[in-house]
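Novice: Compact mmCIF, N, CA and C atoms, saved as work-v4.txt, coming up:
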# COMPACT_ATOMS: atom_id res chain seq x y z
N MET A 218 13.17 -1.59 24.29
CA MET A 218 13.91 -1.52 23.06
C MET A 218 13.66 -0.16 22.40
N MET A 219 14.72 0.53 22.08
CA MET A 219 14.60 1.86 21.49
C MET A 219 14.61 1.76 19.98
N THR A 220 13.90 2.68 19.33
CA THR A 220 13.91 2.72 17.88
C THR A 220 15.17 3.41 17.40
N GLU A 221 15.55 3.13 16.18
CA GLU A 221 16.72 3.77 15.60
C GLU A 221 16.41 5.24 15.35
N PRO A 222 17.35 6.14 15.63
CA PRO A 222 17.10 7.56 15.39
C PRO A 222 16.82 7.86 13.92
N THR A 223 17.48 7.14 13.02
CA THR A 223 17.25 7.40 11.61
C THR A 223 15.85 6.99 11.19
N SER A 224 15.34 5.88 11.74
CA SER A 224 13.99 5.46 11.36
C SER A 224 12.95 6.41 11.93
N THR A 225 13.15 6.91 13.14
CA THR A 225 12.22 7.86 13.74
C THR A 225 12.23 9.17 12.95
N GLY A 226 13.42 9.62 12.61
CA GLY A 226 13.54 10.85 11.83
C GLY A 226 12.95 10.70 10.44
N SER A 227 13.14 9.54 9.83
CA SER A 227 12.59 9.28 8.50
C SER A 227 11.07 9.29 8.53
N MET A 228 10.51 8.65 9.53
CA MET A 228 9.05 8.59 9.62
C MET A 228 8.47 9.98 9.90
N ALA A 229 9.16 10.77 10.71
CA ALA A 229 8.69 12.14 10.98
C ALA A 229 8.73 12.98 9.71
N ALA A 230 9.79 12.82 8.92
CA ALA A 230 9.90 13.54 7.66
C ALA A 230 8.82 13.10 6.68
N LEU A 231 8.54 11.81 6.65
CA LEU A 231 7.49 11.31 5.77
C LEU A 231 6.12 11.83 6.19
N ALA A 232 5.87 11.85 7.48
CA ALA A 232 4.59 12.37 7.97
C ALA A 232 4.43 13.84 7.62
N ALA A 233 5.50 14.61 7.75
CA ALA A 233 5.45 16.02 7.38
C ALA A 233 5.22 16.18 5.88
N SER A 234 5.84 15.33 5.08
CA SER A 234 5.66 15.38 3.64
C SER A 234 4.22 15.08 3.25
N VAL A 235 3.61 14.11 3.93
CA VAL A 235 2.22 13.77 3.66
C VAL A 235 1.32 14.95 4.01
N GLY A 236 1.60 15.58 5.13
CA GLY A 236 0.81 16.75 5.53
C GLY A 236 0.90 17.87 4.50
N LEU A 237 2.10 18.12 4.00
CA LEU A 237 2.28 19.16 2.99
C LEU A 237 1.66 18.76 1.65
N ALA A 238 1.82 17.50 1.26
CA ALA A 238 1.27 17.04 -0.02
C ALA A 238 -0.25 17.08 -0.01
N SER A 239 -0.86 16.88 1.15
CA SER A 239 -2.32 16.90 1.20
C SER A 239 -2.88 18.31 0.97
N LEU A 240 -2.03 19.32 1.07
CA LEU A 240 -2.46 20.69 0.82
C LEU A 240 -2.44 21.07 -0.66
N LEU A 241 -1.83 20.23 -1.49
CA LEU A 241 -1.75 20.52 -2.92
C LEU A 241 -3.14 20.49 -3.55
N PRO A 242 -3.38 21.36 -4.53
CA PRO A 242 -4.69 21.34 -5.19
C PRO A 242 -4.87 20.03 -5.98
N GLY A 243 -6.07 19.52 -5.95
CA GLY A 243 -6.37 18.30 -6.68
C GLY A 243 -6.16 17.03 -5.87
N ILE A 244 -5.57 17.14 -4.69
CA ILE A 244 -5.35 15.97 -3.83
C ILE A 244 -6.52 15.87 -2.86
N GLU A 245 -7.18 14.73 -2.84
CA GLU A 245 -8.27 14.51 -1.89
C GLU A 245 -7.65 14.16 -0.54
N THR A 246 -7.77 15.07 0.40
CA THR A 246 -7.07 14.96 1.68
C THR A 246 -7.47 13.70 2.45
N ASP A 247 -8.77 13.40 2.53
CA ASP A 247 -9.21 12.22 3.28
C ASP A 247 -8.59 10.95 2.72
N ALA A 248 -8.62 10.80 1.41
CA ALA A 248 -8.06 9.60 0.78
C ALA A 248 -6.55 9.53 0.98
N PHE A 249 -5.88 10.67 0.86
CA PHE A 249 -4.43 10.69 0.98
C PHE A 249 -3.99 10.34 2.40
N ILE A 250 -4.64 10.90 3.39
CA ILE A 250 -4.29 10.60 4.77
C ILE A 250 -4.66 9.16 5.12
N GLY A 251 -5.80 8.68 4.61
CA GLY A 251 -6.18 7.28 4.81
C GLY A 251 -5.18 6.32 4.20
N ALA A 252 -4.70 6.65 2.99
CA ALA A 252 -3.69 5.81 2.34
C ALA A 252 -2.39 5.81 3.13
N PHE A 253 -2.00 6.96 3.64
CA PHE A 253 -0.77 7.03 4.44
C PHE A 253 -0.91 6.22 5.73
N ALA A 254 -2.08 6.32 6.37
CA ALA A 254 -2.30 5.57 7.61
C ALA A 254 -2.27 4.06 7.36
N GLY A 255 -2.89 3.61 6.27
CA GLY A 255 -2.87 2.19 5.94
C GLY A 255 -1.48 1.70 5.60
N ALA A 256 -0.74 2.51 4.86
CA ALA A 256 0.63 2.15 4.50
C ALA A 256 1.52 2.10 5.74
N THR A 257 1.30 3.03 6.65
CA THR A 257 2.08 3.05 7.89
C THR A 257 1.79 1.82 8.73
N LEU A 258 0.53 1.40 8.77
CA LEU A 258 0.18 0.19 9.51
C LEU A 258 0.94 -1.02 8.96
N PHE A 259 1.01 -1.14 7.64
CA PHE A 259 1.76 -2.24 7.05
C PHE A 259 3.24 -2.15 7.41
N VAL A 260 3.82 -0.97 7.27
CA VAL A 260 5.26 -0.79 7.49
C VAL A 260 5.63 -1.06 8.96
N VAL A 261 4.80 -0.62 9.87
CA VAL A 261 5.08 -0.84 11.29
C VAL A 261 4.98 -2.32 11.63
N SER A 262 4.08 -3.03 10.99
CA SER A 262 3.92 -4.46 11.29
C SER A 262 4.95 -5.33 10.59
N ALA A 263 5.67 -4.80 9.60
CA ALA A 263 6.66 -5.57 8.85
C ALA A 263 8.04 -5.39 9.46
N LYS A 264 8.24 -5.92 10.64
CA LYS A 264 9.49 -5.73 11.37
C LYS A 264 10.66 -6.52 10.78
N ASP A 265 10.38 -7.56 9.99
CA ASP A 265 11.44 -8.39 9.44
C ASP A 265 12.08 -7.79 8.19
N LEU A 266 11.55 -6.67 7.68
CA LEU A 266 12.10 -6.03 6.50
C LEU A 266 13.12 -4.96 6.89
N SER A 267 14.05 -4.71 5.99
CA SER A 267 15.04 -3.65 6.24
C SER A 267 14.36 -2.29 6.16
N LEU A 268 15.01 -1.28 6.71
CA LEU A 268 14.46 0.07 6.69
C LEU A 268 14.25 0.55 5.26
N PHE A 269 15.21 0.27 4.38
CA PHE A 269 15.10 0.68 2.99
C PHE A 269 13.86 0.08 2.34
N LYS A 270 13.64 -1.23 2.52
CA LYS A 270 12.47 -1.88 1.94
C LYS A 270 11.18 -1.33 2.53
N ARG A 271 11.18 -1.04 3.81
CA ARG A 271 9.96 -0.51 4.44
C ARG A 271 9.61 0.86 3.89
N VAL A 272 10.61 1.70 3.65
CA VAL A 272 10.35 3.03 3.08
C VAL A 272 9.82 2.91 1.65
N ILE A 273 10.41 2.00 0.87
CA ILE A 273 9.94 1.79 -0.50
C ILE A 273 8.51 1.25 -0.48
N TYR A 274 8.23 0.27 0.36
CA TYR A 274 6.88 -0.29 0.46
C TYR A 274 5.89 0.76 0.96
N LEU A 275 6.34 1.66 1.83
CA LEU A 275 5.47 2.72 2.30
C LEU A 275 5.04 3.60 1.14
N ALA A 276 6.00 4.01 0.32
CA ALA A 276 5.69 4.87 -0.82
C ALA A 276 4.76 4.17 -1.81
N ILE A 277 5.07 2.92 -2.14
CA ILE A 277 4.23 2.17 -3.08
C ILE A 277 2.83 2.00 -2.51
N SER A 278 2.74 1.71 -1.25
CA SER A 278 1.45 1.47 -0.61
C SER A 278 0.61 2.75 -0.54
N VAL A 279 1.24 3.89 -0.29
CA VAL A 279 0.50 5.16 -0.27
C VAL A 279 -0.07 5.45 -1.65
N VAL A 280 0.75 5.32 -2.68
CA VAL A 280 0.28 5.60 -4.04
C VAL A 280 -0.82 4.62 -4.45
N ALA A 281 -0.60 3.33 -4.22
CA ALA A 281 -1.60 2.33 -4.59
C ALA A 281 -2.88 2.49 -3.77
N GLY A 282 -2.75 2.81 -2.50
CA GLY A 282 -3.93 3.02 -1.66
C GLY A 282 -4.72 4.23 -2.08
N TYR A 283 -4.03 5.30 -2.43
CA TYR A 283 -4.71 6.52 -2.87
C TYR A 283 -5.43 6.28 -4.20
N LEU A 284 -4.73 5.65 -5.13
CA LEU A 284 -5.34 5.41 -6.44
C LEU A 284 -6.39 4.31 -6.42
N GLY A 285 -6.19 3.30 -5.58
CA GLY A 285 -7.13 2.18 -5.52
C GLY A 285 -8.30 2.39 -4.59
N GLY A 286 -8.26 3.45 -3.80
CA GLY A 286 -9.33 3.71 -2.85
C GLY A 286 -10.68 3.89 -3.52
N THR A 287 -10.69 4.53 -4.67
CA THR A 287 -11.95 4.73 -5.41
C THR A 287 -12.55 3.40 -5.83
N GLU A 288 -11.71 2.50 -6.29
CA GLU A 288 -12.18 1.17 -6.69
C GLU A 288 -12.75 0.40 -5.49
N VAL A 289 -12.10 0.52 -4.34
CA VAL A 289 -12.60 -0.13 -3.13
C VAL A 289 -13.96 0.46 -2.74
N MET A 290 -14.11 1.77 -2.89
CA MET A 290 -15.39 2.41 -2.58
C MET A 290 -16.51 1.84 -3.45
N VAL A 291 -16.24 1.68 -4.73
CA VAL A 291 -17.26 1.20 -5.66
C VAL A 291 -17.57 -0.28 -5.43
N ARG A 292 -16.54 -1.10 -5.36
CA ARG A 292 -16.73 -2.56 -5.27
C ARG A 292 -17.31 -3.02 -3.94
N PHE A 293 -16.93 -2.35 -2.84
CA PHE A 293 -17.35 -2.82 -1.51
C PHE A 293 -18.32 -1.86 -0.82
N ASP A 294 -18.84 -0.87 -1.57
CA ASP A 294 -19.83 0.07 -1.07
C ASP A 294 -19.36 0.75 0.23
N VAL A 295 -18.14 1.27 0.19
CA VAL A 295 -17.58 2.01 1.32
C VAL A 295 -17.86 3.49 1.08
N ALA A 296 -18.44 4.16 2.06
CA ALA A 296 -18.85 5.55 1.87
C ALA A 296 -17.69 6.55 2.03
N SER A 297 -16.69 6.22 2.82
CA SER A 297 -15.61 7.15 3.12
C SER A 297 -14.39 6.87 2.25
N SER A 298 -13.92 7.92 1.57
CA SER A 298 -12.73 7.75 0.73
C SER A 298 -11.49 7.48 1.58
N GLY A 299 -11.45 8.06 2.77
CA GLY A 299 -10.32 7.82 3.68
C GLY A 299 -10.25 6.38 4.13
N LEU A 300 -11.40 5.81 4.50
CA LEU A 300 -11.44 4.41 4.92
C LEU A 300 -11.10 3.48 3.78
N ALA A 301 -11.63 3.76 2.59
CA ALA A 301 -11.34 2.92 1.42
C ALA A 301 -9.86 2.94 1.08
N ALA A 302 -9.24 4.12 1.12
CA ALA A 302 -7.81 4.24 0.84
C ALA A 302 -6.99 3.55 1.92
N PHE A 303 -7.43 3.65 3.18
CA PHE A 303 -6.75 2.97 4.27
C PHE A 303 -6.76 1.45 4.05
N LEU A 304 -7.92 0.90 3.76
CA LEU A 304 -8.04 -0.54 3.53
C LEU A 304 -7.19 -1.00 2.35
N CYS A 305 -7.23 -0.24 1.28
CA CYS A 305 -6.45 -0.59 0.09
C CYS A 305 -4.95 -0.52 0.38
N ALA A 306 -4.50 0.55 1.02
CA ALA A 306 -3.07 0.71 1.30
C ALA A 306 -2.56 -0.33 2.28
N ALA A 307 -3.39 -0.70 3.25
CA ALA A 307 -2.96 -1.66 4.27
C ALA A 307 -2.84 -3.07 3.71
N THR A 308 -3.56 -3.38 2.64
CA THR A 308 -3.57 -4.75 2.13
C THR A 308 -2.85 -4.94 0.79
N ILE A 309 -2.62 -3.88 0.05
CA ILE A 309 -2.11 -4.03 -1.32
C ILE A 309 -0.72 -4.67 -1.37
N ILE A 310 0.18 -4.27 -0.51
CA ILE A 310 1.53 -4.84 -0.54
C ILE A 310 1.51 -6.30 -0.12
N THR A 311 0.74 -6.62 0.92
CA THR A 311 0.64 -8.01 1.37
C THR A 311 0.11 -8.91 0.26
N LEU A 312 -0.96 -8.47 -0.40
CA LEU A 312 -1.54 -9.26 -1.49
C LEU A 312 -0.57 -9.39 -2.68
N THR A 313 0.07 -8.29 -3.02
CA THR A 313 1.00 -8.31 -4.15
C THR A 313 2.20 -9.21 -3.87
N LEU A 314 2.76 -9.13 -2.67
CA LEU A 314 3.89 -9.99 -2.32
C LEU A 314 3.49 -11.46 -2.31
N ALA A 315 2.27 -11.75 -1.85
CA ALA A 315 1.79 -13.14 -1.86
C ALA A 315 1.64 -13.65 -3.30
N LEU A 316 1.14 -12.80 -4.19
CA LEU A 316 1.01 -13.19 -5.60
C LEU A 316 2.38 -13.42 -6.25
N ILE A 317 3.34 -12.57 -5.91
CA ILE A 317 4.69 -12.74 -6.46
C ILE A 317 5.29 -14.07 -5.99
N GLU A 318 5.16 -14.35 -4.70
CA GLU A 318 5.69 -15.62 -4.17
C GLU A 318 4.99 -16.82 -4.81
N ARG A 319 3.70 -16.72 -5.00
CA ARG A 319 2.95 -17.82 -5.61
C ARG A 319 3.36 -18.02 -7.07
N SER A 320 3.62 -16.94 -7.77
CA SER A 320 4.01 -17.06 -9.18
C SER A 320 5.40 -17.66 -9.32
N ARG A 321 6.25 -17.45 -8.33
CA ARG A 321 7.60 -18.05 -8.38
C ARG A 321 7.55 -19.56 -8.26
N SER A 322 6.58 -20.05 -7.51
CA SER A 322 6.49 -21.50 -7.31
C SER A 322 5.50 -22.16 -8.26
N ALA A 323 4.91 -21.39 -9.17
CA ALA A 323 3.93 -21.95 -10.10
C ALA A 323 4.61 -22.81 -11.16
N ASN A 324 3.95 -23.86 -11.55
CA ASN A 324 4.44 -24.74 -12.61
C ASN A 324 3.75 -24.34 -13.90
N PRO A 325 4.52 -23.87 -14.91
CA PRO A 325 3.90 -23.41 -16.16
C PRO A 325 3.13 -24.51 -16.89
N ARG A 326 3.46 -25.75 -16.65
CA ARG A 326 2.74 -26.83 -17.34
C ARG A 326 1.30 -26.98 -16.85
N HIS A 327 1.00 -26.43 -15.68
CA HIS A 327 -0.36 -26.52 -15.16
C HIS A 327 -1.23 -25.33 -15.55
N LEU A 328 -0.68 -24.39 -16.31
CA LEU A 328 -1.46 -23.25 -16.75
C LEU A 328 -2.37 -23.67 -17.89
N PRO A 329 -3.55 -23.04 -18.00
CA PRO A 329 -4.46 -23.40 -19.11
C PRO A 329 -3.85 -22.98 -20.44
N ARG A 330 -4.07 -23.77 -21.42
CA ARG A 330 -3.56 -23.47 -22.76
C ARG A 330 -4.61 -22.72 -23.54
N GLY A 331 -4.15 -21.81 -24.37
CA GLY A 331 -5.06 -21.02 -25.20
C GLY A 331 -5.48 -21.78 -26.45
N GLY A 332 -6.39 -21.21 -27.15
CA GLY A 332 -6.85 -21.82 -28.40
C GLY A 332 -8.34 -21.64 -28.57
N CYS A 333 -8.78 -21.75 -29.79
CA CYS A 333 -10.20 -21.55 -30.09
C CYS A 333 -11.04 -22.78 -29.80
N ASP A 334 -10.44 -23.98 -29.88
CA ASP A 334 -11.23 -25.19 -29.73
C ASP A 334 -11.21 -25.74 -28.32
N GLY A 335 -10.73 -24.95 -27.35
CA GLY A 335 -10.81 -25.31 -25.95
C GLY A 335 -9.86 -26.32 -25.54
Can I see the file as structure tokens?
Specialist:
Amino acid sequence: MMTEPTSTGSMAALAASVGLASLLPGIETDAFIGAFAGATLFVVSAKDLSLFKRVIYLAISVVAGYLGGTEVMVRFDVASSGLAAFLCAATIITLTLALIERSRSANPRHLPRGGCDG
């Protein structure tokens, strides 16, 4: 089975963009490349999504992985910023989509009620 030329070209353009963006001042290269690798892993494994959705999820996952990598380093004692960003980017979309699906099926009557007297 051959890949679509547009998807191959799009991924090549995205990879080139990541390479160029990692050269910008203030960008931590290890974390940025780790976030891109984790996002790519998610996108490649999500074959049931349209190309448009995969590209959008790739972008969201790269940004969330890059920004959340520091938190993963602190909470889980990960020494490498690249590995932390990879883990965050690879899992953030899956977790977020699961939470969205769960919230759609949630019954508001089962939510805890607020108040001072418990």
Novice: Report, in Å to a single decimal, how far apart atom C of Ala254 (chain A) and CA of Leu300 (chain A) are.
Specialist: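 A separation of 9.5 Å between them.
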Novice: Which one of A:Val280, A:Ala307, A:Ala238, A:Ile250 sits closest to Ser262 (chain A) if you count only C-alpha atoms?
Specialist: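 Among the listed residues, A:Ala307 lies closest to Ser262 (chain A).
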Novice: When you look at Asp247 (chain A) with a cut-off of 6.5 Å (counting only N, CA and C atoms), what residues show up, excluding the ones that are within fewer than 2 positions of it in the same chain? I need them as a PyMOL selection string.
Specialist: chain A and resi 244-245+249-252+298-300
Novice: I need the residues in chain A that are helix (DSSP H, G or I) according to DSSP; give them as an MDAnalysis selection string.
Specialist: chainID A and resid 222:238 246:262 268:293 298:321 325:327
Novice: Choose the residue, out of A:Arg319, A:Ala230, A:Leu304, A:Val295, that has the smallest atom-to-atom separation from Leu258 (chain A); count only C-alpha atoms.
Specialist: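 Distance minimum relative to Leu258 (chain A) lands on A:Leu304.
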Novice: Could you work out an axis-aligned box for region 304-321 of chain A, taking every atom the file lists and adding 4 Å on each side, and report centre and edge lengths in Å to one decimal, as lines of an AutoDock Vina configuration file?
Specialist:
center_x = -0.2
center_y = -9.3
center_z = -2.5
size_x = 23.6
size_y = 28.5
size_z = 21.6
